[in-house]
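Structure below is upload-v1.tsv: TSV, C-alpha atoms and all ligand atoms.
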```
chain	number	residue	atom	x	y	z
A	1	MET	CA	-175.87	-127.46	-7.23
A	2	THR	CA	-174.99	-127.15	-3.54
A	3	LEU	CA	-177.84	-126.90	-1.11
A	4	ALA	CA	-176.89	-124.42	1.59
A	5	ALA	CA	-178.36	-126.36	4.49
A	6	PRO	CA	-178.70	-125.50	8.16
A	7	ALA	CA	-175.83	-126.98	10.14
A	8	ASN	CA	-177.83	-128.25	13.10
A	9	GLY	CA	-180.21	-130.52	11.18
A	10	ASP	CA	-183.30	-128.74	12.53
A	11	VAL	CA	-186.57	-128.76	10.68
A	12	SER	CA	-186.55	-126.02	8.07
A	13	LEU	CA	-188.91	-123.10	8.36
A	14	LEU	CA	-187.95	-121.82	4.92
A	15	ARG	CA	-186.83	-123.89	1.99
A	16	LEU	CA	-185.96	-122.36	-1.37
A	17	GLN	CA	-185.25	-124.73	-4.20
A	18	ASN	CA	-183.61	-123.63	-7.40
A	19	ILE	CA	-185.11	-120.17	-7.40
A	20	GLU	CA	-184.61	-118.36	-10.69
A	21	LYS	CA	-185.66	-114.84	-11.55
A	22	SER	CA	-185.32	-112.95	-14.80
A	23	PHE	CA	-186.25	-109.41	-15.69
A	24	GLY	CA	-186.69	-109.61	-19.45
A	25	SER	CA	-183.46	-111.09	-20.75
A	26	LEU	CA	-181.57	-110.29	-17.53
A	27	LYS	CA	-181.21	-113.41	-15.39
A	28	VAL	CA	-180.83	-112.05	-11.88
A	29	LEU	CA	-181.17	-115.28	-9.85
A	30	GLN	CA	-179.74	-118.41	-11.42
A	31	GLY	CA	-180.92	-121.23	-9.20
A	32	ILE	CA	-180.72	-120.33	-5.52
A	33	SER	CA	-181.29	-123.15	-3.04
A	34	VAL	CA	-181.30	-122.41	0.68
A	35	GLU	CA	-182.81	-123.98	3.76
A	36	VAL	CA	-183.24	-121.97	6.91
A	37	ALA	CA	-184.03	-123.67	10.21
A	38	ARG	CA	-186.40	-122.20	12.76
A	39	GLY	CA	-184.46	-119.75	14.89
A	40	GLU	CA	-181.54	-119.60	12.50
A	41	VAL	CA	-179.91	-116.32	11.46
A	42	VAL	CA	-178.47	-116.28	7.95
A	43	ALA	CA	-176.44	-113.39	6.55
A	44	ILE	CA	-176.39	-112.62	2.84
A	45	ILE	CA	-173.49	-110.61	1.49
A	46	GLY	CA	-172.32	-109.77	-2.02
A	47	GLY	CA	-171.71	-106.95	-4.45
A	48	SER	CA	-174.32	-104.54	-5.74
A	49	GLY	CA	-176.56	-106.13	-8.35
A	50	SER	CA	-175.77	-109.71	-7.33
A	51	GLY	CA	-179.45	-110.44	-6.61
A	52	LYS	CA	-179.64	-110.16	-2.81
A	53	SER	CA	-182.69	-107.88	-2.66
A	54	THR	CA	-184.42	-109.81	-5.41
A	55	LEU	CA	-184.04	-113.01	-3.42
A	56	LEU	CA	-185.54	-111.47	-0.27
A	57	ARG	CA	-188.41	-110.08	-2.33
A	58	CYS	CA	-189.03	-113.53	-3.80
A	59	VAL	CA	-189.28	-115.06	-0.31
A	60	ASN	CA	-192.45	-113.11	0.54
A	61	LEU	CA	-193.56	-113.03	-3.09
A	62	MET	CA	-193.25	-109.29	-3.54
A	63	GLU	CA	-191.41	-110.57	-6.58
A	64	ARG	CA	-192.59	-113.69	-8.34
A	65	PRO	CA	-189.82	-116.20	-9.09
A	66	SER	CA	-189.49	-117.29	-12.72
A	67	ALA	CA	-188.82	-120.86	-11.59
A	68	GLY	CA	-188.26	-122.92	-8.48
A	69	ARG	CA	-190.09	-123.81	-5.29
A	70	ILE	CA	-190.74	-121.88	-2.10
A	71	GLU	CA	-191.74	-123.62	1.10
A	72	PHE	CA	-192.45	-121.66	4.25
A	73	GLY	CA	-194.14	-123.55	7.07
A	74	ASN	CA	-197.26	-125.01	5.48
A	75	PHE	CA	-197.02	-122.75	2.46
A	76	VAL	CA	-195.73	-124.33	-0.75
A	77	ALA	CA	-195.59	-122.78	-4.21
A	78	ASP	CA	-193.97	-124.07	-7.37
A	79	PHE	CA	-192.98	-121.77	-10.18
A	80	ASP	CA	-192.42	-122.84	-13.72
A	81	GLY	CA	-191.40	-120.31	-16.32
A	82	ASN	CA	-193.88	-121.69	-18.82
A	83	ARG	CA	-197.09	-121.37	-16.87
A	84	LYS	CA	-198.40	-118.91	-14.38
A	85	THR	CA	-198.66	-120.17	-10.82
A	86	ILE	CA	-201.91	-119.02	-9.26
A	87	ILE	CA	-201.65	-118.12	-5.60
A	88	GLY	CA	-204.90	-117.11	-3.95
A	89	GLU	CA	-205.16	-113.76	-2.15
A	90	GLU	CA	-205.74	-115.46	1.18
A	91	ARG	CA	-202.65	-117.68	0.92
A	92	LEU	CA	-200.58	-114.69	-0.13
A	93	ARG	CA	-201.90	-112.66	2.79
A	94	GLN	CA	-201.10	-115.48	5.22
A	95	LEU	CA	-197.57	-115.85	3.91
A	96	ARG	CA	-196.93	-112.11	4.13
A	97	THR	CA	-198.29	-111.77	7.65
A	98	GLN	CA	-195.83	-114.46	8.73
A	99	ILE	CA	-192.78	-112.80	7.18
A	100	GLY	CA	-191.75	-109.33	8.34
A	101	MET	CA	-189.57	-107.22	6.09
A	102	VAL	CA	-187.52	-104.11	6.79
A	103	PHE	CA	-185.79	-102.09	4.07
A	104	GLN	CA	-182.96	-99.63	3.79
A	105	SER	CA	-185.29	-96.64	3.65
A	106	TYR	CA	-187.46	-96.62	6.74
A	107	ASN	CA	-190.80	-96.68	4.93
A	108	LEU	CA	-192.75	-95.47	7.95
A	109	TRP	CA	-195.99	-93.75	7.02
A	110	PRO	CA	-195.03	-90.08	7.29
A	111	HIS	CA	-198.52	-88.82	8.12
A	112	LYS	CA	-199.08	-91.32	10.95
A	113	THR	CA	-197.65	-91.10	14.46
A	114	VAL	CA	-195.13	-93.63	15.70
A	115	MET	CA	-197.89	-95.37	17.64
A	116	GLU	CA	-200.25	-95.50	14.64
A	117	ASN	CA	-197.43	-96.85	12.48
A	118	VAL	CA	-197.01	-99.80	14.84
A	119	MET	CA	-200.75	-100.39	15.38
A	120	CYS	CA	-201.91	-100.14	11.81
A	121	ALA	CA	-201.09	-103.48	10.19
A	122	PRO	CA	-202.30	-105.75	13.02
A	123	MET	CA	-205.65	-103.92	12.97
A	124	LEU	CA	-206.07	-103.77	9.20
A	125	VAL	CA	-204.60	-107.08	8.18
A	126	LYS	CA	-205.24	-109.31	11.20
A	127	GLY	CA	-208.37	-107.69	12.62
A	128	VAL	CA	-206.77	-107.05	16.04
A	129	SER	CA	-208.85	-104.65	18.17
A	130	ARG	CA	-207.62	-101.07	18.57
A	131	ARG	CA	-207.18	-101.66	22.28
A	132	ASP	CA	-205.05	-104.77	21.86
A	133	ALA	CA	-203.05	-103.18	19.04
A	134	ALA	CA	-202.38	-100.16	21.26
A	135	GLY	CA	-201.32	-102.32	24.20
A	136	GLN	CA	-198.91	-104.27	22.06
A	137	ALA	CA	-197.55	-101.15	20.35
A	138	GLU	CA	-196.82	-99.58	23.74
A	139	GLN	CA	-194.93	-102.65	24.86
A	140	LEU	CA	-192.90	-102.72	21.67
A	141	LEU	CA	-192.11	-99.00	21.84
A	142	ASP	CA	-191.19	-99.35	25.49
A	143	ARG	CA	-188.81	-102.11	24.57
A	144	ILE	CA	-186.88	-99.83	22.22
A	145	GLY	CA	-187.05	-96.92	24.64
A	146	LEU	CA	-189.39	-94.84	22.48
A	147	ALA	CA	-192.62	-95.05	24.47
A	148	GLN	CA	-192.50	-91.33	25.22
A	149	ARG	CA	-192.26	-90.62	21.49
A	150	ARG	CA	-195.45	-92.48	20.69
A	151	ASN	CA	-197.26	-89.37	19.46
A	152	HIS	CA	-194.37	-88.03	17.42
A	153	TYR	CA	-194.26	-88.22	13.65
A	154	PRO	CA	-191.44	-90.04	11.85
A	155	PHE	CA	-189.72	-86.82	10.75
A	156	GLN	CA	-189.29	-85.91	14.43
A	157	LEU	CA	-187.15	-89.00	15.04
A	158	SER	CA	-183.54	-89.73	14.12
A	159	GLY	CA	-182.85	-92.21	11.34
A	160	GLY	CA	-181.83	-94.85	13.88
A	161	GLN	CA	-185.03	-94.33	15.86
A	162	GLN	CA	-187.13	-94.52	12.71
A	163	GLN	CA	-185.46	-97.73	11.65
A	164	ARG	CA	-186.04	-99.26	15.09
A	165	VAL	CA	-189.70	-98.27	14.86
A	166	ALA	CA	-189.82	-99.91	11.41
A	167	ILE	CA	-188.46	-103.10	12.98
A	168	VAL	CA	-190.98	-103.19	15.84
A	169	ARG	CA	-193.75	-102.30	13.40
A	170	ALA	CA	-192.88	-105.52	11.56
A	171	LEU	CA	-192.71	-107.39	14.89
A	172	ALA	CA	-196.23	-106.21	15.74
A	173	MET	CA	-197.50	-108.72	13.17
A	174	GLN	CA	-195.85	-111.47	15.23
A	175	PRO	CA	-194.04	-112.88	12.20
A	176	LYS	CA	-192.34	-116.26	12.13
A	177	ALA	CA	-189.38	-114.85	10.24
A	178	MET	CA	-187.86	-111.46	9.49
A	179	LEU	CA	-186.10	-110.27	6.35
A	180	PHE	CA	-183.70	-107.33	6.60
A	181	ASP	CA	-182.42	-105.61	3.48
A	182	GLU	CA	-179.43	-103.38	4.24
A	183	VAL	CA	-181.33	-101.71	7.04
A	184	THR	CA	-178.34	-99.71	8.27
A	185	SER	CA	-176.97	-98.57	4.90
A	186	ALA	CA	-178.73	-95.21	4.89
A	187	LEU	CA	-177.89	-94.35	8.50
A	188	ASP	CA	-175.24	-91.99	9.83
A	189	PRO	CA	-172.43	-94.15	11.24
A	190	GLU	CA	-173.17	-93.23	14.85
A	191	LEU	CA	-176.75	-94.54	14.52
A	192	VAL	CA	-175.87	-97.93	13.05
A	193	GLY	CA	-175.10	-99.56	16.41
A	194	GLU	CA	-178.53	-99.05	17.97
A	195	VAL	CA	-180.23	-100.75	15.01
A	196	LEU	CA	-177.76	-103.65	14.87
A	197	GLY	CA	-178.15	-103.99	18.65
A	198	LEU	CA	-181.90	-104.49	18.31
A	199	MET	CA	-181.37	-107.06	15.55
A	200	ALA	CA	-178.84	-108.94	17.71
A	201	GLU	CA	-181.43	-109.03	20.53
A	202	LEU	CA	-184.01	-110.55	18.18
A	203	ALA	CA	-181.47	-113.13	17.07
A	204	ASN	CA	-180.79	-114.05	20.70
A	205	GLU	CA	-184.49	-114.47	21.30
A	206	GLY	CA	-184.66	-117.05	18.54
A	207	MET	CA	-186.20	-115.06	15.69
A	208	THR	CA	-185.53	-116.64	12.30
A	209	MET	CA	-183.81	-113.97	10.23
A	210	LEU	CA	-182.38	-113.48	6.76
A	211	ILE	CA	-180.13	-110.43	6.80
A	212	VAL	CA	-178.64	-108.72	3.77
A	213	THR	CA	-175.84	-106.58	5.14
A	214	HIS	CA	-172.44	-105.04	4.52
A	215	GLU	CA	-171.68	-105.04	8.25
A	216	ILE	CA	-169.23	-107.91	8.20
A	217	ALA	CA	-168.39	-107.89	11.93
A	218	PHE	CA	-172.10	-107.98	12.74
A	219	ALA	CA	-172.67	-110.86	10.30
A	220	ARG	CA	-169.78	-112.75	11.86
A	221	ASP	CA	-171.02	-112.27	15.42
A	222	VAL	CA	-174.78	-112.64	14.97
A	223	SER	CA	-175.41	-115.02	12.06
A	224	SER	CA	-174.66	-118.71	12.11
A	225	ARG	CA	-174.28	-118.96	8.33
A	226	THR	CA	-173.25	-116.58	5.58
A	227	LEU	CA	-174.16	-116.83	1.91
A	228	PHE	CA	-171.97	-114.94	-0.54
A	229	PHE	CA	-173.91	-113.92	-3.64
A	230	ASP	CA	-172.15	-113.34	-6.91
A	231	ARG	CA	-174.03	-112.72	-10.17
A	232	GLY	CA	-177.18	-114.53	-9.11
A	233	VAL	CA	-175.65	-117.62	-7.52
A	234	ILE	CA	-174.48	-118.52	-4.04
A	235	ALA	CA	-170.79	-118.55	-4.85
A	236	GLU	CA	-169.70	-119.53	-1.36
A	237	SER	CA	-171.42	-120.34	1.91
A	238	GLY	CA	-170.67	-121.79	5.30
A	239	PRO	CA	-170.52	-121.05	9.02
A	240	SER	CA	-170.09	-117.28	9.34
A	241	ARG	CA	-167.13	-117.59	11.69
A	242	ASP	CA	-165.25	-119.61	9.09
A	243	VAL	CA	-166.17	-118.11	5.73
A	244	LEU	CA	-165.97	-114.49	6.86
A	245	ARG	CA	-162.53	-115.00	8.40
A	246	ASN	CA	-161.17	-117.36	5.81
A	247	PRO	CA	-163.04	-117.26	2.49
A	248	GLN	CA	-162.08	-119.98	0.04
A	249	SER	CA	-162.87	-118.30	-3.26
A	250	GLU	CA	-160.90	-115.44	-4.75
A	251	ARG	CA	-164.09	-113.49	-5.49
A	252	MET	CA	-165.29	-113.58	-1.91
A	253	ARG	CA	-161.83	-112.67	-0.67
A	254	GLN	CA	-161.81	-109.66	-2.99
A	255	PHE	CA	-165.33	-108.67	-1.98
A	256	LEU	CA	-164.51	-108.82	1.73
A	257	SER	CA	-161.35	-106.81	1.40
A	258	ARG	CA	-163.32	-104.19	-0.54
A	259	VAL	CA	-166.09	-103.82	2.08
A	260	LEU	CA	-163.70	-103.97	5.00
A	261	HIS	CA	-161.63	-101.15	3.49
A	262	GLU	CA	-164.66	-99.01	2.76
A	263	SER	CA	-165.43	-98.79	6.45
A	264	TYR	CA	-162.26	-96.79	7.11
B	1	LIG	P1	-178.59	-106.40	-4.97
B	1	LIG	O1	-179.65	-106.28	-3.93
B	1	LIG	O2	-177.67	-107.57	-4.73
B	1	LIG	O3	-177.82	-105.13	-5.16
B	1	LIG	P2	-180.82	-106.62	-6.79
B	1	LIG	O4	-181.50	-107.88	-6.43
B	1	LIG	O5	-181.43	-105.36	-6.32
B	1	LIG	O6	-179.28	-106.72	-6.35
B	1	LIG	O7	-180.71	-106.52	-8.36
B	1	LIG	C1	-180.11	-107.52	-9.14
B	1	LIG	C2	-180.21	-107.11	-10.60
B	1	LIG	O8	-181.57	-107.13	-11.00
B	1	LIG	C3	-179.70	-105.71	-10.90
B	1	LIG	O9	-179.04	-105.75	-12.14
B	1	LIG	C4	-180.94	-104.89	-10.98
B	1	LIG	O10	-180.78	-103.79	-11.82
B	1	LIG	C5	-181.94	-105.87	-11.55
B	1	LIG	N1	-183.33	-105.60	-11.13
B	1	LIG	C6	-183.81	-105.64	-9.87
B	1	LIG	N2	-185.12	-105.37	-9.84
B	1	LIG	C7	-185.49	-105.15	-11.12
B	1	LIG	C8	-186.74	-104.84	-11.77
B	1	LIG	N3	-187.87	-104.71	-11.07
B	1	LIG	N4	-186.73	-104.71	-13.11
B	1	LIG	C9	-185.59	-104.86	-13.82
B	1	LIG	N5	-184.39	-105.16	-13.29
B	1	LIG	C10	-184.34	-105.31	-11.96
B	2	MG	MG	-180.14	-104.68	-2.67
```

Written as C-alpha cells, that's how I'd like the structure from this file.
Ligand code: ADP
Ligand code: MG
Amino acid sequence: MTLAAPANGDVSLLRLQNIEKSFGSLKVLQGISVEVARGEVVAIIGGSGSGKSTLLRCVNLMERPSAGRIEFGNFVADFDGNRKTIIGEERLRQLRTQIGMVFQSYNLWPHKTVMENVMCAPMLVKGVSRRDAAGQAEQLLDRIGLAQRRNHYPFQLSGGQQQRVAIVRALAMQPKAMLFDEVTSALDPELVGEVLGLMAELANEGMTMLIVTHEIAFARDVSSRTLFFDRGVIAESGPSRDVLRNPQSERMRQFLSRVLHESY
C-alpha cells in the first residue's frame, strides 16, 4: 500500500486510511489512503466508475465506508465491516459544516432566490442571524459579480452563474475544506472558464480542496498533487506537474490520451 502523502510535510487536515466501500458484492473502493495538508489542492482523475465520487462522498460521510479510518481535524471515525460504527448526530453535523461540497448538477434550491440560497444553511445549521447571513451573502455574491442578481431565481441564471452561486453557498458555511465533484462537466464549454477561475482563486487563497475533474490543464496548473483512480485504487499519484505530463503507468497514459482527445 502506498500512502499518497502531502509533499511539504505539513500537518494533515484530512487523513484517509485504507478506505474500502462495497455496494453489495461490488467493491468500489479497495483501500484508499490519502493525506491532505491544510491549504493543499489535490486533483482526482480517472475513468467513469473508478470510485471518485464514492470517495468524496465517504469523506463527509454522505456514504459510510465499509472499512478504514477517516480523520478530519479533531474528527476521527473507524469503520470495520463487521460492526456498525455509531457516529452521533452532533459529530456528523460538525464534520459536514466543516466540509463544503459542490456537485456536477448545481443543486440550488429552485424555489429560493440566489440570496436565500446562500443565506439558508448558515441560518439553519449554524444559527447565524438573518442579518449576519445576509451581510455575508452579499459579500460573497459581490465577489462573484452577482450581487445585482440577488433576487433572481436559479432558472434565471446561466449554468456557470448557478455553479458559482453553488460554490459561494458552500463557502457561506466557512468550511475548512471543499470537495468538488466534476463541477464543470454539465456546463456549456464557454461557461467552464468562469467556474474554474473561481476555484483557482480559492486555491490561491489557501482553501484545502479535493477536486474530481476531467479538466487536465486545470488540474496541472492548480493542484499540487494528482491521484489517478482505477477500479477503486489509486493506481498512480504524484506532483501534478510530473504525473500529468509524464505518467508512468500504461493505464494512466491511456486515460490521459483519451480525455485530452475528447476535448477536441
Ligand atoms: P466515478 O465517480 O469514478 O465515476 P462512482 O464512485 O460514482 O465512480 O461509482 C463507482 C462504482 O460504484 C460504479 O460502478 C457505480 O455504479 C457504483 N455505485 C456508486 N454508488 C452506488 C450506490 N449507491 N449503489 C450501488 N452502486 C453504486
Ligand atoms: Mg463521479

task = Return as a PyMOL selection string the residues of protein, DNA or RNA that approach ligand LIG 1 (chain B) to within 10 Å, with only C-alpha atoms and all ligand atoms taken into account.
result = chain A and resi 21-29+44-58+63+181-182+212-213+229-232

request  = Can you work out which one of A:Ala217, A:Met173, A:Thr208, A:Trp109 has the shortest atom-to-atom distance to A:Gln94, counting only C-alpha atoms?
outcome  = A:Met173

query = Could you name the residues that touch A:Ala172 at 9 Å or less, counting all atoms listed in the file, but leaving out those on the same chain fewer than 6 positions away, as a PyMOL selection string?
reply = chain A and resi 118-119+121-122+133+136-137+140

Filtering to C-alpha atoms, could you give me those residues as a compact mmCIF listing (two decimals), in the coordinates of the input?
```txt
# COMPACT_ATOMS: atom_id res chain seq x y z
CA VAL A 118 -197.01 -99.80 14.84
CA MET A 119 -200.75 -100.39 15.38
CA ALA A 121 -201.09 -103.48 10.19
CA PRO A 122 -202.30 -105.75 13.02
CA ALA A 133 -203.05 -103.18 19.04
CA GLN A 136 -198.91 -104.27 22.06
CA ALA A 137 -197.55 -101.15 20.35
CA LEU A 140 -192.90 -102.72 21.67
```

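For the pair atom CA of A:Leu191 and atom CA of A:Asn246, the separation is 29.0 Å.
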
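In this structure, atom CA of A:Val76 sits 26.3 Å away from atom CA of A:Arg169.
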
note = As a check of understanding: the span from atom CA of A:Glu89 to atom CA of A:Asn107 is 23.4 Å

message = Residues within 12 Å of A:His261, please, as a PyMOL selection string. Count all atoms listed in the file; anything in the same chain fewer than 4 positions from it doesn't count.
response = chain A and resi 214-216+254-257

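With distances restricted to only C-alpha atoms and all ligand atoms, A:Val183 is the closest residue to ligand MG 2 (chain B) from A:Val183, A:Val259, A:Met178, A:Ile234.
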
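Applying the 8 Å criterion to (-179.8, -120.6, -12.5) in file coordinates and using only C-alpha atoms, one obtains the residues Asn18, Ile19, Glu20, Lys27, Leu29, Gln30, Gly31, Ile32, Gly232 and Val233 of chain A.
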
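Of the listed residues (A:Gly100, A:Pro154, A:Gly159, A:Gly73), A:Gly100 comes nearest to A:Ala177; the distances count only C-alpha atoms.
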
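You can rank A:Leu16, A:Ser105, A:Gln174, A:Glu194 by their closest distance to ligand MG 2 (chain B) using all atoms listed in the file, and at the top of that list sits A:Ser105.
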